Amino acid sequence: MHSPSGYREQMTATDADLQPTRSFQGLILTLQRFWAAQGCVILQPYDMEVGAGTFHPATTLRALGPKPWKAAYVQPSRRPKDGRYGENPNRLQHYYQFQVILKPNPPNLQELYLDSLKAIGVDLGLHDIRFVEDDWESPTLGAWGLGWECWCDGMEVSQFTYFQQVAGFECAPVAGELTYGLERLAMYVQGVENVYDLNFNGREGDEKVTYGDVFLQAEQEYSRHNFEAADTEMLFRQFRDAEAACRAYLQAGEPGPGGEADRRGNDTRHRMAQPAYDQCIKASHVFNLLDARGVISVTERQSYILRVRELAKACGEAWRRTEAGGLAGDAPTA
Amino acid sequence: MPDLLLELFSEEIPARMQRRAAEDLRKLVTDALVERGFLYEGAKAFATPRRLALHVAGLPPRGQDVREERKGPRVGAPEGAVQGFLKSAGLASLDEARIVSDPKKGEFYVAVIERPGRETIEVLAEILPAIVRSFPWPKSMRWGAASREPGSLRWVRPLHSIVASFGPETETPEVVPFSVDGIEAGLMTRGHRFLAPKAIEVRRFADYLPALERAFVVLDSERRKDIILHDARDLAFARGLDLVEDEGLLEEVAGLVEWPVTLMGAFDERFLAIPPEVIRATIRANQKCFVLRGAPGPDGRERLANAFILVSNLVASDGGAAIVAGNERVVRARLSDAAFFWETDRKVRLEDRLSKLESIVFHEKLGTQAARVERIAGLARALAPVVGADPDLAERAARLAKADLVTEMVGEFPELQGLMGRYYAAEQGEDPAVAAAIEEHYKPLGPGDRVPSEPVSVAVALADKLDTLVGFWAIGETPTGSKDPYALRRAALGVIRLILASEARLPLRAQIAAAAAGHGQKSDAFAGDLLAFFADRLKVYLRDQGARHDLIDAVFALPGQDDLLMVVRRVEALGRFLDTEDGKNLLAGYRRAANILRIEEKKDGRAYDAAPDPALLSLPEESALAEALRSNGAEAGKAVAAEDFEGAMRALSALRAPVDAFFDKVTVNADEAGLRANRLALLNALRAATREVADFSRIGGEGR
């Protein structure tokens, strides 16, 4: 335990350690503070395996319906196919995205984004920031939007998207989504060539913890798992189970006959959109694992994507009949 | 004369859409003006990543006055008719109408309607918002709070402000008063996002352009391109290097910056061990940078330099050092990937990759790439002798031709397919002809692409294309209208150019049957249709080469024309023949004979297709023609059989004199029925003789 004065010294040192240019966690904390100051709720990662921060219900589901929504969070993203057994300095099967969603998008979203870059230590008088066309589409989510990849000196550091459609429904109003590739940004601001060399905690010497200390072993183990060991028979079964469960929960959440008993007469409210959506997320991740194992042929691939999309659409439809989804009558008047 | 200045200021417009959008804006505005009777002196549109701008010069301040007389009912007409007239002419009472008398119709009312020309600015205020609302972006979006409601404004990316000013050069222009979805037209715009972010006021085009330049925006994309190109050349020259010019990349890069700042970066020399095409593809596709040529290598071959040109959008406070360093880092990472692919790809021989093709579906109904390779290999072997290639080499090349599709490099850069196969084949010691064929079997890729000449390449290229064409015909996926998703027109044109360039004798009907057998199909059901498709493509091709369309038809109208080389030879010979006096006269004689036959055969309801009876030849001209037809017709037939089309034409040209003499002296429609029938049979023999070389009825009039 530290003496009061020692504690104070420790605090000062920690502030320096948490500079976004010095530590990975400092970068995350800076972005969280920045977006908190814009009125975002700072959420924690969703507790399920997802391929991208967009899958978090705080983005996918909250993008639907008329209710305003501002959120920011870190989301670990699992891309089984991108595993390289820890041998590639840039590619990971598990990495972090920092996700921001603002619905409706404010008119100055580009300026806010640039301000966030300034906040993490990118000098806009020194670096060439560009918005390069990149239309985003997620076939499994039935979602698309227009926007850019944001370049800093030729490197893609973020994606910037105006959602037009999610789960097959038009976004009204449109949400603006920002996705920061945290490892890349950190490598850039720390001036590091290999992701595993990133300083994670900002300390030096014995106390320094690198990204490799935290994740290298995991990358090796999961690459082995994803490409060699993942039990495909079990995964096929899990896909079917998740698909069936999603449908069953959607059915059970319906107010009418066959669904949960309805005590409020003509209420069309859906009561289980989120648990059903969890199963959709699960099916999507299981599909990614099967894909990495190379057991899905090109033709089958399309049909699996379609099956997940059907689940996403059904969940989106159910969500729109919930209170947070803006069920008519519950929508704010302003 | 007043000018219009219009600027639509938005978030970043995709580079590939800018040129077209500027052109659309110019056309939509000027067309709308002209449609309303407003003529202008000139119009020019511009685009940068953040704005579309339009300058229309020399518009009238107002439109022309219109005076119109409208005829009404006669004097004393029923009240209903009078009221209707007053209403339609906009008159309060009949006092405002004139009475005109007409000697026939009597007296009737006429309304004189005078409409003063509208103020141009008022018309613009009507036209411009409508154009903004319905602008034809290839992809557009909604945004912001307004997108809560249906029907909100769509633009390529969020639209932020509009400048619209109208007025003469010497006076203060006026703002064209309109707004779109809450965006009010005004005189304020912005300069460069980072170098001059403050709002600036502009009045007219003449001060708009310099105001933007002061605010670090080069409005004209052609000027941005010029600046980039010159700066890039200068930077290269200063280092003794040569810019590898790339128009497509230049156009794109100019659409990514408002203020181009050209810089040079470098990469580790060791990366030059990677094939230059790979370096270029890496740097171009991912980084949108230009590569540079250095001094030729020891083998005299062109070599890339370990440097690149990047175009930034910023005058950086450190002179660009950080930007260059950042770009170099990314280029290094990309080239490291490419070097890794180049190393690892070469560890696996191409033939050992073939099993992977079994899991790649070429087309749902046409099986896997592996099955396709098997078919192409068989076809290439069979075709080899026809084009003078070694069958073993042709088969080998075909087997390896698609193996690079499963290499890491082609996975990353699909545009390098074929080329990488060639590199890897050369590296693993394949015959040079095999390596070349792996690259060249995709060729020719379009009308302007080079046609391979190496026989092994020709065999595999033909096999690849025939297999594709026959496959898609067999499953009924043929091109319709503008839809040709599998580029089958290009494949057919490729076959045609390969055959003609290699002078290969390739009767297509047999080739189609052979290719169909590879698909486990019989070609009977579709061979005719596919042949007609080839005929169409050949027509298009020859027409582009300047050949007469009708002559191609005349040759294709003969039965069994599936040997494209012979078709072309015959068309050429026919064209030359018809350019001679003999040819022209014979064609005239043929037409006369064909006309008479058509009329008489119709009248009599029978054909005169029997051989002429020598006993009934009464006049010397008849006998002479009969004799000429017998001998020269046979000669022409023989010459055609020997593929001597010039000889066949010569034989036909000898018919000219007897034909002319016949029409001169002989009355075809003789009174005596036997004589008449025999003379008609003689004309039929003439028609038949010409059919030895072409169907003359398909030949058009003078010229093309």
# chains A, B, ... in the order shown; residues from 1 in each chain; ligands from 1

call {"tool": "residues_around", "arguments": {"residues": "stretch 42-58 of chain B", "least_positions_apart": "2", "cutoff": "8 Å", "atoms": "only C-alpha atoms", "output": "number ranges by chain"}}
result
B: 1-15, 18-19, 21-23, 25-26, 30, 40, 60, 205, 218-221, 255-258

call {"tool": "closest_atom_pairs", "arguments": {"of": "chain A", "to": "chain B", "cutoff": "7 Å", "atoms": "only C-alpha atoms", "output": "tab-separated table"}}
result
residue	atom	partner	partner_atom	distance
A:Pro66	CA	B:Arg148	CA	6.7
A:Pro104	CA	B:Gly144	CA	5.2
A:Asn105	CA	B:Gly144	CA	4.9
A:Pro106	CA	B:Gly144	CA	6.1
A:Pro107	CA	B:Gly144	CA	6.4
A:Gly125	CA	B:Ala316	CA	5.6
A:Leu126	CA	B:Ala316	CA	4.9
A:His127	CA	B:Ile323	CA	5.6
A:Asp128	CA	B:Leu314	CA	6.0
A:Phe131	CA	B:Glu12	CA	6.4
A:Val132	CA	B:Pro14	CA	6.9
A:Glu133	CA	B:Pro14	CA	5.1
A:Leu146	CA	B:Met141	CA	6.9
A:Asp153	CA	B:Ile323	CA	5.1
A:Gly154	CA	B:Asn327	CA	5.3
A:Met155	CA	B:Val330	CA	6.2
A:Tyr162	CA	B:Trp143	CA	7.0
A:Gln164	CA	B:Met141	CA	6.9
A:Ala172	CA	B:Arg148	CA	4.3
A:Pro173	CA	B:Arg148	CA	3.9
A:Val174	CA	B:Trp143	CA	5.2
A:Ser297	CA	B:Ser359	CA	6.6
A:Val298	CA	B:Val361	CA	6.4

call {"tool": "residues_around", "arguments": {"residues": "B:Glu343", "least_positions_apart": "3", "cutoff": "12 Å", "atoms": "only C-alpha atoms", "output": "NGL selection string"}}
result
:B and (271 or 273-275 or 335-340 or 346-348 or 407-409 or 424 or 427)

call {"tool": "write_last_selection", "arguments": {"atoms": "C-alpha atoms", "output": "PDB file, in the first residue's frame"}}
result
ATOM      1  CA  PHE B 271      11.386  -5.537 -52.468  1.00  0.00           C
ATOM      2  CA  ALA B 273      12.926  -8.901 -56.129  1.00  0.00           C
ATOM      3  CA  ILE B 274       9.132  -9.048 -56.360  1.00  0.00           C
ATOM      4  CA  PRO B 275       7.804  -8.946 -59.963  1.00  0.00           C
ATOM      5  CA  LEU B 335       5.104  -4.947 -49.952  1.00  0.00           C
ATOM      6  CA  SER B 336       6.037  -7.204 -47.033  1.00  0.00           C
ATOM      7  CA  ASP B 337       2.742  -8.986 -47.576  1.00  0.00           C
ATOM      8  CA  ALA B 338       3.422  -9.208 -51.310  1.00  0.00           C
ATOM      9  CA  ALA B 339       6.966 -10.471 -50.709  1.00  0.00           C
ATOM     10  CA  PHE B 340       5.559 -13.053 -48.320  1.00  0.00           C
ATOM     11  CA  ARG B 346       6.663 -20.524 -54.945  1.00  0.00           C
ATOM     12  CA  LYS B 347       6.980 -23.259 -52.344  1.00  0.00           C
ATOM     13  CA  VAL B 348       4.024 -25.117 -53.862  1.00  0.00           C
ATOM     14  CA  THR B 407      -2.257 -18.626 -54.943  1.00  0.00           C
ATOM     15  CA  GLU B 408      -2.099 -16.048 -52.183  1.00  0.00           C
ATOM     16  CA  MET B 409      -0.978 -13.373 -54.605  1.00  0.00           C
ATOM     17  CA  TYR B 424       5.434 -19.287 -61.034  1.00  0.00           C
ATOM     18  CA  GLU B 427      10.214 -20.347 -61.654  1.00  0.00           C
TER      19      GLU B 427
END

call {"tool": "select_by_dssp", "arguments": {"residues": "stretch 236-305 of chain B", "states": "strand (DSSP E or B)", "output": "MDAnalysis selection string"}}
result
chainID B and resid 242:243 261:266 290:293 304:305

call {"tool": "atom_distance", "arguments": {"atom1": "atom CA of B:Ala401", "atom2": "atom CA of B:Val434"}}
result
8.8 Å

call {"tool": "atom_distance", "arguments": {"atom1": "atom CA of B:Ile376", "atom2": "atom CA of B:Val460"}}
result
7.3 Å

call {"tool": "atom_distance", "arguments": {"atom1": "atom CA of A:Leu327", "atom2": "atom CA of A:Trp69"}}
result
15.2 Å

call {"tool": "residues_around", "arguments": {"residues": "stretch 189-205 of chain A", "least_positions_apart": "3", "cutoff": "7 Å", "atoms": "only C-alpha atoms", "output": "PyMOL selection string"}}
result
chain A and resi 17-18+21-25+89-90+121+183+185-186+208-212+216

call {"tool": "write_last_selection", "arguments": {"atoms": "N, CA and C atoms", "output": "mmCIF file, in the first residue's frame"}}
result
data_model
loop_
_atom_site.group_PDB
_atom_site.id
_atom_site.type_symbol
_atom_site.label_atom_id
_atom_site.label_comp_id
_atom_site.auth_asym_id
_atom_site.auth_seq_id
_atom_site.Cartn_x
_atom_site.Cartn_y
_atom_site.Cartn_z
ATOM 1 N N ASP A 17 1.107 7.767 -18.280
ATOM 2 C CA ASP A 17 1.041 6.437 -18.894
ATOM 3 C C ASP A 17 -0.188 6.310 -19.780
ATOM 4 N N LEU A 18 -1.216 7.057 -19.426
ATOM 5 C CA LEU A 18 -2.483 6.896 -20.139
ATOM 6 C C LEU A 18 -2.642 7.873 -21.302
ATOM 7 N N THR A 21 -0.917 8.323 -26.940
ATOM 8 C CA THR A 21 0.231 8.006 -27.787
ATOM 9 C C THR A 21 1.183 7.042 -27.086
ATOM 10 N N ARG A 22 0.889 6.743 -25.847
ATOM 11 C CA ARG A 22 1.836 5.953 -25.081
ATOM 12 C C ARG A 22 1.315 4.561 -24.735
ATOM 13 N N SER A 23 0.010 4.445 -24.588
ATOM 14 C CA SER A 23 -0.501 3.119 -24.230
ATOM 15 C C SER A 23 -1.786 2.805 -24.988
ATOM 16 N N PHE A 24 -1.974 1.521 -25.208
ATOM 17 C CA PHE A 24 -3.180 1.054 -25.898
ATOM 18 C C PHE A 24 -4.410 1.394 -25.070
ATOM 19 N N GLN A 25 -4.295 1.157 -23.764
ATOM 20 C CA GLN A 25 -5.475 1.455 -22.928
ATOM 21 C C GLN A 25 -5.723 2.953 -22.840
ATOM 22 N N PRO A 89 2.540 -9.431 -38.431
ATOM 23 C CA PRO A 89 2.564 -8.257 -37.558
ATOM 24 C C PRO A 89 1.303 -7.395 -37.629
ATOM 25 N N ASN A 90 0.414 -7.689 -38.606
ATOM 26 C CA ASN A 90 -0.772 -6.841 -38.785
ATOM 27 C C ASN A 90 -2.100 -7.570 -38.667
ATOM 28 N N GLY A 121 -4.090 12.467 -30.486
ATOM 29 C CA GLY A 121 -2.717 12.862 -30.762
ATOM 30 C C GLY A 121 -2.333 12.932 -32.224
ATOM 31 N N GLU A 183 -6.042 -1.257 -32.870
ATOM 32 C CA GLU A 183 -4.640 -1.681 -32.941
ATOM 33 C C GLU A 183 -3.877 -0.847 -33.964
ATOM 34 N N LEU A 185 -4.594 2.149 -35.155
ATOM 35 C CA LEU A 185 -4.427 3.530 -34.691
ATOM 36 C C LEU A 185 -3.328 3.604 -33.635
ATOM 37 N N ALA A 186 -3.338 2.638 -32.734
ATOM 38 C CA ALA A 186 -2.341 2.642 -31.666
ATOM 39 C C ALA A 186 -0.948 2.471 -32.259
ATOM 40 N N LYS A 208 6.261 -2.727 -17.913
ATOM 41 C CA LYS A 208 5.630 -2.580 -19.221
ATOM 42 C C LYS A 208 4.937 -3.880 -19.624
ATOM 43 N N VAL A 209 3.706 -3.742 -20.070
ATOM 44 C CA VAL A 209 2.981 -4.897 -20.602
ATOM 45 C C VAL A 209 2.690 -4.605 -22.072
ATOM 46 N N THR A 210 3.100 -5.513 -22.948
ATOM 47 C CA THR A 210 2.860 -5.272 -24.373
ATOM 48 C C THR A 210 1.592 -5.995 -24.815
ATOM 49 N N TYR A 211 1.168 -5.646 -26.023
ATOM 50 C CA TYR A 211 0.009 -6.315 -26.618
ATOM 51 C C TYR A 211 0.311 -7.807 -26.765
ATOM 52 N N GLY A 212 1.571 -8.096 -27.100
ATOM 53 C CA GLY A 212 1.983 -9.494 -27.236
ATOM 54 C C GLY A 212 1.879 -10.244 -25.917
ATOM 55 N N LEU A 216 -0.498 -12.639 -27.599
ATOM 56 C CA LEU A 216 0.219 -13.494 -28.548
ATOM 57 C C LEU A 216 -0.157 -14.972 -28.385
#

call {"tool": "residues_around", "arguments": {"residues": "B:Pro61", "least_positions_apart": "2", "cutoff": "10 Å", "atoms": "only C-alpha atoms", "output": "list in words"}}
result
Met1, Pro2, Asp3, Phe38, Gly58, Leu59, Gly63, Gln64, Gly117, Arg118, Glu119, Thr120, Ile121, Phe166, Gly167 and Pro168 of chain B

call {"tool": "residues_around", "arguments": {"residues": "A:Phe215", "least_positions_apart": "6", "cutoff": "10 Å", "atoms": "only C-alpha atoms", "output": "list in words"}}
result
Gly86, Leu92, His94, Tyr95, Val195, Tyr196 and Glu221 of chain A

call {"tool": "write_last_selection", "arguments": {"atoms": "C-alpha atoms", "output": "short mmCIF file (atom, residue, chain, number, x, y, z; two decimals), in the first residue's frame"}}
result
data_model
loop_
_atom_site.label_atom_id
_atom_site.label_comp_id
_atom_site.auth_asym_id
_atom_site.auth_seq_id
_atom_site.Cartn_x
_atom_site.Cartn_y
_atom_site.Cartn_z
CA GLY A 86 0.68 -14.81 -34.17
CA LEU A 92 -5.28 -10.94 -35.86
CA HIS A 94 -9.24 -11.25 -32.35
CA TYR A 95 -8.89 -7.50 -32.29
CA VAL A 195 1.11 -5.10 -33.26
CA TYR A 196 2.60 -7.33 -30.57
CA GLU A 221 -4.07 -21.02 -29.65
#

call {"tool": "residues_around", "arguments": {"residues": "A:Asn288", "least_positions_apart": "6", "cutoff": "9 Å", "atoms": "only C-alpha atoms", "output": "MDAnalysis selection string"}}
result
chainID A and resid 51 78:81

call {"tool": "write_last_selection", "arguments": {"atoms": "N, CA and C atoms", "output": "mmCIF file, in the first residue's frame"}}
result
data_model
loop_
_atom_site.group_PDB
_atom_site.id
_atom_site.type_symbol
_atom_site.label_atom_id
_atom_site.label_comp_id
_atom_site.auth_asym_id
_atom_site.auth_seq_id
_atom_site.Cartn_x
_atom_site.Cartn_y
_atom_site.Cartn_z
ATOM 1 N N GLY A 51 -18.353 -10.740 -35.143
ATOM 2 C CA GLY A 51 -17.344 -10.499 -36.171
ATOM 3 C C GLY A 51 -16.999 -9.034 -36.317
ATOM 4 N N ARG A 78 -14.125 -10.946 -33.588
ATOM 5 C CA ARG A 78 -13.535 -12.247 -33.887
ATOM 6 C C ARG A 78 -13.652 -12.511 -35.379
ATOM 7 N N ARG A 79 -12.511 -12.680 -36.020
ATOM 8 C CA ARG A 79 -12.494 -13.038 -37.446
ATOM 9 C C ARG A 79 -11.669 -14.306 -37.603
ATOM 10 N N PRO A 80 -12.288 -15.467 -37.364
ATOM 11 C CA PRO A 80 -11.513 -16.714 -37.327
ATOM 12 C C PRO A 80 -10.567 -16.878 -38.518
ATOM 13 N N LYS A 81 -11.020 -16.455 -39.697
ATOM 14 C CA LYS A 81 -10.217 -16.648 -40.910
ATOM 15 C C LYS A 81 -8.939 -15.808 -40.923
#

call {"tool": "select_by_dssp", "arguments": {"residues": "stretch 305-406 of chain B", "states": "helix (DSSP H, G or I)", "output": "JSON, numbers by chain"}}
result
{"B": [321, 322, 323, 324, 325, 326, 327, 328, 329, 330, 331, 332, 333, 334, 335, 336, 337, 338, 339, 340, 341, 342, 343, 344, 345, 350, 351, 352, 353, 354, 355, 356, 357, 369, 370, 371, 372, 373, 374, 375, 376, 377, 378, 379, 380, 381, 382, 383, 384, 385, 386, 387, 391, 392, 393, 394, 395, 396, 397, 398, 399, 400, 403, 404, 405, 406]}

call {"tool": "closest_residue", "arguments": {"among": "B:Ala626, B:Ala588, B:Ala426, B:Ile162", "to": "B:Arg349", "atoms": "only C-alpha atoms"}}
result
B:Ala426
